[in-house]
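Enquirer: Got data.txt for you, compact mmCIF, C-alpha atoms and all ligand atoms:
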```txt
# COMPACT_ATOMS: atom_id res chain seq x y z
CA MET A 1 -5.45 26.93 17.97
CA GLN A 2 -3.81 26.93 14.57
CA ASP A 3 -5.56 26.99 11.18
CA GLY A 4 -8.93 26.28 12.82
CA ILE A 5 -7.71 23.15 14.58
CA ASP A 6 -6.35 22.87 18.12
CA SER A 7 -2.99 21.30 18.85
CA VAL A 8 -4.49 18.17 20.42
CA ALA A 9 -6.64 17.47 17.36
CA ARG A 10 -3.71 18.24 15.08
CA SER A 11 -1.46 15.89 17.01
CA ALA A 12 -4.14 13.16 16.78
CA LEU A 13 -4.23 13.59 13.00
CA LEU A 14 -0.45 13.33 12.86
CA ASP A 15 -0.50 10.16 14.97
CA ARG A 16 -3.15 8.66 12.76
CA ALA A 17 -1.19 9.48 9.59
CA LEU A 18 2.05 8.03 10.98
CA THR A 19 0.57 4.83 12.34
CA GLU A 20 1.30 1.91 10.06
CA THR A 21 -1.72 -0.26 9.56
CA VAL A 22 -1.89 -3.76 8.19
CA THR A 23 -5.05 -5.33 6.90
CA GLU A 24 -5.36 -8.97 7.81
CA TRP A 25 -7.07 -10.08 4.61
CA GLY A 26 -5.54 -7.67 2.11
CA SER A 27 -3.83 -8.06 -1.24
CA SER A 28 -0.29 -8.27 0.26
CA LYS A 29 -1.29 -11.36 2.20
CA TRP A 30 -2.61 -13.08 -0.89
CA ALA A 31 0.33 -11.94 -3.03
CA GLU A 32 2.79 -13.47 -0.58
CA LEU A 33 0.76 -16.65 -0.31
CA ARG A 34 0.77 -16.99 -4.09
CA ARG A 35 4.49 -16.23 -4.28
CA CYS A 36 5.46 -18.77 -1.63
CA PRO A 37 3.26 -20.22 1.14
CA ARG A 38 6.39 -20.96 3.21
CA ALA A 39 7.45 -17.31 3.07
CA TYR A 40 4.00 -16.34 4.32
CA LYS A 41 4.24 -18.83 7.17
CA LEU A 42 7.67 -17.52 8.17
CA ARG A 43 6.63 -13.86 8.06
CA VAL A 44 3.08 -13.92 9.35
CA VAL A 45 2.75 -17.06 11.46
CA GLN A 46 6.26 -17.38 12.87
CA ASN A 47 7.15 -13.64 12.79
CA VAL A 48 10.61 -14.29 11.36
CA ARG A 49 12.27 -11.19 9.85
CA PRO A 50 15.64 -10.50 8.26
CA ARG A 51 17.80 -8.53 10.69
CA GLY A 52 18.58 -4.93 9.73
CA GLY A 53 15.10 -3.51 9.29
CA ILE A 54 13.24 -2.63 6.14
CA ASP A 55 14.96 -1.66 2.91
CA ASN A 56 15.23 1.95 1.77
CA ASN A 57 12.67 1.69 -1.04
CA LEU A 58 10.03 0.45 1.35
CA ALA A 59 10.94 3.14 3.89
CA ILE A 60 10.62 5.85 1.20
CA GLY A 61 7.22 4.52 0.17
CA ILE A 62 5.99 4.45 3.76
CA ALA A 63 7.24 8.01 4.40
CA VAL A 64 5.53 9.36 1.26
CA HIS A 65 2.27 7.62 2.18
CA GLN A 66 2.37 8.98 5.72
CA VAL A 67 2.95 12.58 4.68
CA LEU A 68 0.23 12.39 2.01
CA ALA A 69 -2.08 10.94 4.67
CA PHE A 70 -1.38 13.83 7.05
CA VAL A 71 -1.86 16.48 4.37
CA GLY A 72 -5.03 14.65 3.31
CA LEU A 73 -6.38 14.51 6.86
CA LEU A 74 -5.85 18.27 7.22
CA SER A 75 -7.70 18.71 3.94
CA THR A 76 -10.69 16.72 5.22
CA ARG A 77 -10.82 19.23 8.13
CA GLY A 78 -10.95 22.12 5.65
CA ILE A 79 -7.27 23.04 6.06
CA VAL A 80 -5.01 23.51 3.06
CA ALA A 81 -1.58 22.34 4.23
CA THR A 82 1.68 24.14 3.58
CA GLU A 83 5.29 23.07 3.27
CA SER A 84 5.70 23.47 7.04
CA ASP A 85 2.96 20.86 7.58
CA MET A 86 4.77 18.53 5.22
CA MET A 87 8.00 19.13 7.15
CA GLU A 88 6.26 18.57 10.48
CA ALA A 89 5.19 15.09 9.34
CA LEU A 90 8.60 14.31 7.83
CA ASP A 91 10.38 15.43 10.99
CA GLN A 92 8.63 12.64 12.92
CA LEU A 93 10.44 10.06 10.79
CA PRO A 94 13.97 8.82 11.45
CA PRO A 95 16.64 10.93 9.72
CA GLY A 96 18.47 9.29 6.86
CA PRO A 97 18.38 8.72 3.12
CA PRO A 98 14.73 7.52 2.97
CA ARG A 99 13.51 10.71 4.70
CA SER A 100 15.65 12.90 2.41
CA GLU A 101 14.35 11.13 -0.66
CA ALA A 102 10.76 11.38 0.55
CA PHE A 103 11.28 15.14 0.99
CA ARG A 104 12.63 15.49 -2.56
CA LEU A 105 9.70 13.56 -4.02
CA LEU A 106 7.04 15.29 -1.95
CA ARG A 107 8.32 18.81 -2.51
CA GLY A 108 8.11 18.20 -6.26
CA TYR A 109 4.71 16.56 -5.87
CA PHE A 110 3.16 19.48 -4.04
CA MET A 111 4.78 22.00 -6.41
CA ARG A 112 3.15 20.11 -9.25
CA HIS A 113 -0.25 19.34 -7.76
CA GLY A 114 -0.63 21.81 -4.88
CA TYR A 115 -1.65 21.02 -1.29
CA THR A 116 -5.42 21.20 -1.76
CA ASN A 117 -6.93 17.71 -1.38
CA ALA A 118 -3.36 16.41 -0.88
CA GLY A 119 -2.78 17.16 -4.56
CA LEU A 120 -5.73 15.10 -5.83
CA PRO A 121 -8.10 16.64 -8.36
CA GLU A 122 -11.34 16.14 -6.37
CA PRO A 123 -12.40 16.79 -2.78
CA LEU A 124 -11.09 14.19 -0.37
CA TYR A 125 -13.65 12.07 1.45
CA ASP A 126 -11.04 10.45 3.70
CA VAL A 127 -7.63 8.78 3.75
CA GLU A 128 -6.59 5.25 4.72
CA VAL A 129 -10.15 4.05 4.27
CA LEU A 130 -10.80 0.46 5.29
CA LEU A 131 -12.99 -1.42 2.81
CA GLU A 132 -14.14 -4.90 3.66
CA ALA A 133 -16.36 -7.55 2.07
CA ALA A 134 -16.53 -11.33 1.78
CA VAL A 135 -15.07 -13.04 -1.26
CA GLY A 136 -16.56 -16.52 -1.17
CA ALA A 137 -16.22 -17.93 2.34
CA LEU A 138 -13.38 -15.62 3.43
CA PRO A 139 -13.09 -11.90 4.14
CA TYR A 140 -11.17 -9.57 1.86
CA THR A 141 -9.96 -6.16 2.97
CA ALA A 142 -8.09 -3.14 1.64
CA ARG A 143 -6.94 0.05 3.25
CA VAL A 144 -7.35 2.52 0.40
CA ASP A 145 -4.82 5.36 0.50
CA ALA A 146 -7.39 8.04 -0.35
CA VAL A 147 -11.00 8.31 -1.45
CA THR A 148 -12.24 11.33 -3.41
CA VAL A 149 -15.78 12.46 -4.10
CA GLY A 150 -16.63 13.77 -7.57
CA PRO A 151 -19.14 16.52 -8.44
CA THR A 152 -22.00 14.02 -8.71
CA GLY A 153 -21.18 12.41 -5.36
CA LEU A 154 -19.41 9.33 -6.72
CA PHE A 155 -16.53 7.83 -4.72
CA THR A 156 -13.15 7.06 -6.31
CA PRO A 157 -10.44 5.02 -4.52
CA TRP A 158 -6.82 6.16 -5.01
CA ASP A 159 -3.62 4.22 -4.53
CA HIS A 160 -0.34 6.11 -4.06
CA LYS A 161 2.56 4.26 -5.67
CA THR A 162 6.22 5.20 -5.41
CA ARG A 163 8.21 3.48 -8.15
CA GLY A 164 11.67 3.55 -9.63
CA THR A 165 10.79 3.81 -13.31
CA THR A 166 8.34 5.83 -15.37
CA VAL A 167 4.84 4.49 -15.83
CA PRO A 168 4.93 2.09 -18.79
CA TRP A 169 2.90 2.65 -21.90
CA GLY A 170 -0.46 0.88 -21.64
CA ALA A 171 -0.46 0.85 -17.82
CA SER A 172 -4.16 1.70 -17.71
CA GLU A 173 -4.79 -1.63 -19.39
CA THR A 174 -2.09 -3.82 -17.81
CA TRP A 175 -2.43 -2.53 -14.25
CA ALA A 176 -6.18 -3.19 -14.41
CA THR A 177 -5.31 -6.91 -14.29
CA ARG A 178 -3.33 -6.64 -11.03
CA PRO A 179 -4.94 -8.47 -8.13
CA GLN A 180 -4.56 -5.47 -5.82
CA PHE A 181 -6.60 -3.22 -8.12
CA LEU A 182 -9.13 -5.91 -8.99
CA GLY A 183 -9.58 -6.30 -5.24
CA HIS A 184 -10.03 -2.53 -4.84
CA ALA A 185 -12.65 -2.57 -7.59
CA TYR A 186 -14.44 -5.54 -6.01
CA LEU A 187 -14.57 -3.81 -2.63
CA ALA A 188 -15.56 -0.44 -4.09
CA ARG A 189 -18.46 -2.06 -5.91
CA ALA A 190 -19.45 -4.10 -2.84
CA VAL A 191 -19.28 -1.16 -0.41
CA TRP A 192 -20.47 1.78 -2.52
CA GLY A 193 -22.56 0.09 -5.26
CA ASP A 194 -23.86 2.75 -7.67
CA ARG A 195 -21.98 5.43 -5.72
CA TRP A 196 -18.66 4.08 -7.01
CA SER A 197 -17.30 6.03 -9.98
CA ARG A 198 -16.27 2.77 -11.69
CA ARG A 199 -12.63 3.90 -11.56
CA VAL A 200 -9.61 2.96 -9.49
CA MET A 201 -6.96 5.68 -9.69
CA VAL A 202 -3.20 5.26 -9.26
CA ASN A 203 -1.23 8.30 -8.09
CA ALA A 204 2.26 7.37 -9.31
CA ILE A 205 5.31 9.12 -7.85
CA VAL A 206 8.41 8.20 -9.84
CA LYS A 207 11.81 8.28 -8.12
CA THR A 208 13.79 9.27 -11.19
CA LYS A 209 16.50 11.97 -11.11
CA THR A 210 13.82 14.46 -12.04
CA PRO A 211 10.83 12.98 -10.21
CA GLY A 212 7.79 12.08 -12.28
CA TYR A 213 4.15 12.44 -11.24
CA GLU A 214 1.57 10.54 -13.23
CA ARG A 215 -2.03 9.49 -12.78
CA VAL A 216 -3.34 6.25 -14.21
CA GLU A 217 -7.04 5.58 -14.48
CA LEU A 218 -8.09 1.95 -14.28
CA ALA A 219 -11.56 1.17 -15.61
CA ILE A 220 -12.31 -2.35 -14.45
CA SER A 221 -15.33 -4.15 -15.88
CA ASP A 222 -17.89 -6.16 -13.93
CA PHE A 223 -16.79 -9.21 -15.90
CA ALA A 224 -13.17 -8.77 -14.76
CA ILE A 225 -14.23 -8.20 -11.15
CA ASP A 226 -16.51 -11.25 -11.10
CA ARG A 227 -13.84 -13.47 -12.65
CA TRP A 228 -11.23 -12.30 -10.13
CA ALA A 229 -13.63 -12.89 -7.24
CA GLU A 230 -14.42 -16.40 -8.41
CA GLU A 231 -10.75 -17.30 -8.71
CA GLN A 232 -9.87 -15.65 -5.41
CA SER A 233 -12.63 -17.55 -3.60
CA THR A 234 -11.36 -20.83 -5.08
CA GLN A 235 -7.65 -20.22 -4.46
CA ALA A 236 -7.75 -18.59 -1.03
CA PRO A 237 -8.64 -21.62 1.14
CA ARG A 238 -6.08 -23.75 -0.71
CA LEU A 239 -3.36 -21.14 -0.24
CA LEU A 240 -4.04 -21.04 3.49
CA GLU A 241 -3.76 -24.84 3.65
CA LEU A 242 -0.43 -24.71 1.79
CA ALA A 243 0.84 -22.05 4.19
CA ALA A 244 -0.19 -24.09 7.22
CA SER A 245 1.93 -26.97 5.93
CA GLY A 246 4.87 -24.65 5.10
CA CYS A 247 4.82 -25.64 1.43
CA ALA A 248 7.66 -24.03 -0.58
CA ASN A 249 7.59 -22.50 -4.05
CA TYR A 250 11.16 -22.99 -5.25
CA ASP A 251 10.51 -20.84 -8.35
CA SER A 252 10.54 -17.83 -6.04
CA CYS A 253 13.76 -18.52 -4.12
CA ALA A 254 16.20 -16.98 -6.61
CA PRO A 255 14.28 -16.09 -9.77
CA GLU A 256 16.09 -15.26 -13.01
CA ILE A 257 14.34 -11.89 -13.12
CA GLY A 258 13.79 -9.95 -9.92
CA ARG A 259 15.29 -10.17 -6.45
CA ARG A 260 16.00 -13.28 -4.48
CA CYS A 261 13.61 -14.03 -1.66
CA GLN A 262 14.39 -12.31 1.64
CA TYR A 263 14.18 -15.73 3.32
CA PHE A 264 16.73 -17.32 0.97
CA SER A 265 19.41 -17.78 3.63
CA TYR A 266 16.81 -18.98 6.13
CA CYS A 267 15.56 -21.75 3.85
CA HIS A 268 18.79 -22.63 2.09
CA GLY A 269 21.43 -21.70 4.67
CA ASN A 270 22.60 -23.42 7.82
CA ASP A 271 21.79 -22.87 11.49
CA SER A 272 24.45 -20.21 11.79
CA ASP A 273 22.95 -18.25 8.85
CA ARG A 274 19.52 -18.43 10.39
CA GLU A 275 20.84 -17.25 13.73
CA SER A 276 22.95 -14.39 12.39
CA MET A 277 20.66 -13.10 9.63
CA TYR A 278 17.16 -13.49 11.06
CA GLU A 279 15.24 -12.69 14.19
CA THR A 280 11.82 -13.45 15.57
CA VAL A 281 9.87 -10.29 16.33
CA GLU A 282 6.89 -9.51 18.51
CA GLN A 283 3.51 -10.29 16.99
CA GLU A 284 2.38 -7.18 15.08
CA ALA A 285 -1.05 -5.75 15.71
CA ARG A 286 -3.26 -6.88 12.84
S1 LIG B 301 13.56 -19.00 0.00
FE1 LIG B 301 12.19 -20.07 -1.39
S2 LIG B 301 11.12 -21.59 -0.15
FE2 LIG B 301 12.08 -20.13 1.24
S3 LIG B 301 10.46 -18.68 1.69
FE3 LIG B 301 11.66 -17.85 -0.01
S4 LIG B 301 10.65 -18.53 -1.87
FE4 LIG B 301 9.88 -19.75 -0.17
```
As a first step, turn the structure in this file into structure tokens.
Ligand code: SF4

Expert:
Amino acid sequence: MQDGIDSVARSALLDRALTETVTEWGSSKWAELRRCPRAYKLRVVQNVRPRGGIDNNLAIGIAVHQVLAFVGLLSTRGIVATESDMMEALDQLPPGPPRSEAFRLLRGYFMRHGYTNAGLPEPLYDVEVLLEAAVGALPYTARVDAVTVGPTGLFTPWDHKTRGTTVPWGASETWATRPQFLGHAYLARAVWGDRWSRRVMVNAIVKTKTPGYERVELAISDFAIDRWAEEQSTQAPRLLELAASGCANYDSCAPEIGRRCQYFSYCHGNDSDRESMYETVEQEAR
């Protein structure tokens, strides 16, 4: 028994925090479908992946999320974590630059915000909370990184975001138009009704030389939520049809601004490129 929790229960919390979960009807699915239905078909239907694993930025983000989830889970059991708990979670991850960078970011994060409630300013209700509701004829889901409960019992969903640059001026306004957060607001309203605080919070962790830690409050109106839901319910069935036919969006192959598509050499290369640069993986649990 350690800190009021036995080793089996502690190990179960660690497993839960480190298990990557994908929501079948979440914002990433719809974002990829909007970006390019063919990319969605390759990734989700045909399970084609670039060889070489995930890139470092994604690995850093996953590591940060997993450690925050573990510290948060301890908090929901009444345990205030310490640096050794953070290290225990980090030590489960493969050694390398992403783990080192996650350590740098998290050490600064906990120095700034403390370990209570995984550094959030209100008691934690839970972490990795699955919210689900229908939008039109189709389901919509989100796995919210953390949910806090305020003094009057209202729930607030939190999204942890690791990013390379500081939070831009006006983010509380511009980020409130992002589909992911509109979806969070839709689900929060559908699931909690009047027990939703009317806020979606972003917990930004900035990977600058001196790491930055910022919170952005998004107040999303009923009008904005309803408009998003109407458009999502109209677009979603069409996007799935486009994906089924493997329809391409050539604007996304090699855009002027931003990175080229990870399937560029698959779509625009030859058989040898496809063979050497891509692989088909096992179906992921969804
Ligand atoms: S390379 Fe172009 S067509 Fe192919 S999946 Fe990517 S965006 Fe779509």

Enquirer: Using only C-alpha atoms and all ligand atoms, which protein or nucleic acid residues are at most 8 Å from ligand LIG 301 (chain B), as a list in words?

Expert: Arg35, Cys36, Pro37, Arg38, Ala39, Tyr40, Leu42, Cys247, Ala248, Asn249, Tyr250, Asp251, Ser252, Cys253, Ala254, Arg260, Cys261, Gln262, Tyr263, Phe264, Ser265, Tyr266, Cys267 and His268 of chain A

Enquirer: Closest to Leu131 in chain A among A:Asp194, A:Asp91, A:Asp55, A:Glu24, using all atoms listed in the file?

Expert: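 Residue with the minimum atom-to-atom distance to Leu131 in chain A: A:Glu24.
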
Enquirer: A:Glu231, A:Asp222, A:Glu83, A:Glu214: which is nearest Ser172 in chain A, counting only C-alpha atoms?

Expert: A:Glu214

Enquirer: Give me the residues near range 95-103 of chain A as a PyMOL selection string, where near means some atom within 6 Å (using all atoms listed in the file) and where sequence neighbours in that chain fewer than 6 positions away do not count.

Expert: chain A and resi 56+59-60+64

Enquirer: Only C-alpha atoms, please: the residues just picked out, written as a PDB file, in the frame of the given file.

Expert:
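Dumped everything to selection_15.pdb:
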```pdb
ATOM      1  CA  ASN A  56      15.230   1.950   1.770  1.00  0.00           C
ATOM      2  CA  ALA A  59      10.940   3.140   3.890  1.00  0.00           C
ATOM      3  CA  ILE A  60      10.620   5.850   1.200  1.00  0.00           C
ATOM      4  CA  VAL A  64       5.530   9.360   1.260  1.00  0.00           C
TER       5      VAL A  64
END
```

Enquirer: Determine the nearest neighbour of Val67 in chain A from the options A:Ala31, A:Leu130, A:Asp145, A:Gly52, counting all atoms listed in the file.

Expert: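 Selected residue with least distance to Val67 in chain A: A:Asp145.
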
Enquirer: Here is a test: counting only C-alpha atoms, which residue of A:Arg43, A:Met86, A:Ala185, A:Ile5 is nearest to Gly108 in chain A?

Expert: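 Answer, going by the shortest atom-to-atom distance: A:Met86.
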
Enquirer: Determine the nearest neighbour of Val147 in chain A from the options A:Val281, A:Val8, A:Met201, A:Val80, counting only C-alpha atoms.

Expert: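 Closest residue, counting only C-alpha atoms: A:Met201.
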
Enquirer: Check the smallest atom-to-atom distance from each of A:Val144, A:Ser233, A:Thr152, A:Leu242 to Val202 in chain A using only C-alpha atoms, then report the winner.

Expert: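 Residue with the minimum atom-to-atom distance to Val202 in chain A: A:Val144.
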
Enquirer: Set the distance at 6 Å and use all atoms listed in the file: which residues neighbour Phe155 in chain A once local chain neighbours fewer than 6 positions away are removed? I'd like the list as a ChimeraX atom specification.

Expert: /A:148-149,196-197

Enquirer: Centre and edge lengths, as AutoDock Vina command-line options, for the axis-aligned box enclosing every listed atom of range 118-122 of chain A with 6 Å of padding on each of the six sides, in Å to one decimal?

Expert:
```
--center_x -7.1 --center_y 16.1 --center_z -4.6 --size_x 20.6 --size_y 14.1 --size_z 19.5
```

Enquirer: As a ChimeraX atom specification, please: the residues near Arg227 in chain A (cut-off 12 Å, only C-alpha atoms, same-chain neighbours under 5 positions excluded).

Expert: /A:135,177,179,182-183,186,220-222,232-234

Enquirer: Residues within 10 Å of Thr208 in chain A, please, as an MDAnalysis selection string. Count only C-alpha atoms; anything in the same chain fewer than 3 positions from it doesn't count.

Expert: chainID A and resid 105 163:166 205 211:212

Enquirer: List the spatial neighbours of range 269-273 of chain A as a list in words - criterion: any atom at most 12 Å away, all atoms listed in the file, same-chain residues fewer than 6 positions off excluded.

Expert: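 Residues meeting the cut-off are Pro50, Arg51, Tyr263 and Glu279 of chain A.
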
Enquirer: When you draw a straight line from CA of Arg112 in chain A to CA of Ala17 in chain A, how long is it in Å?

Expert: 22.1 Å

Enquirer: What does the structure give for the distance between CA of Gln66 in chain A and CA of Ala204 in chain A, in Å to one decimal?

Expert: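 Value for the CA of Gln66 in chain A-CA of Ala204 in chain A distance: 15.1 Å.
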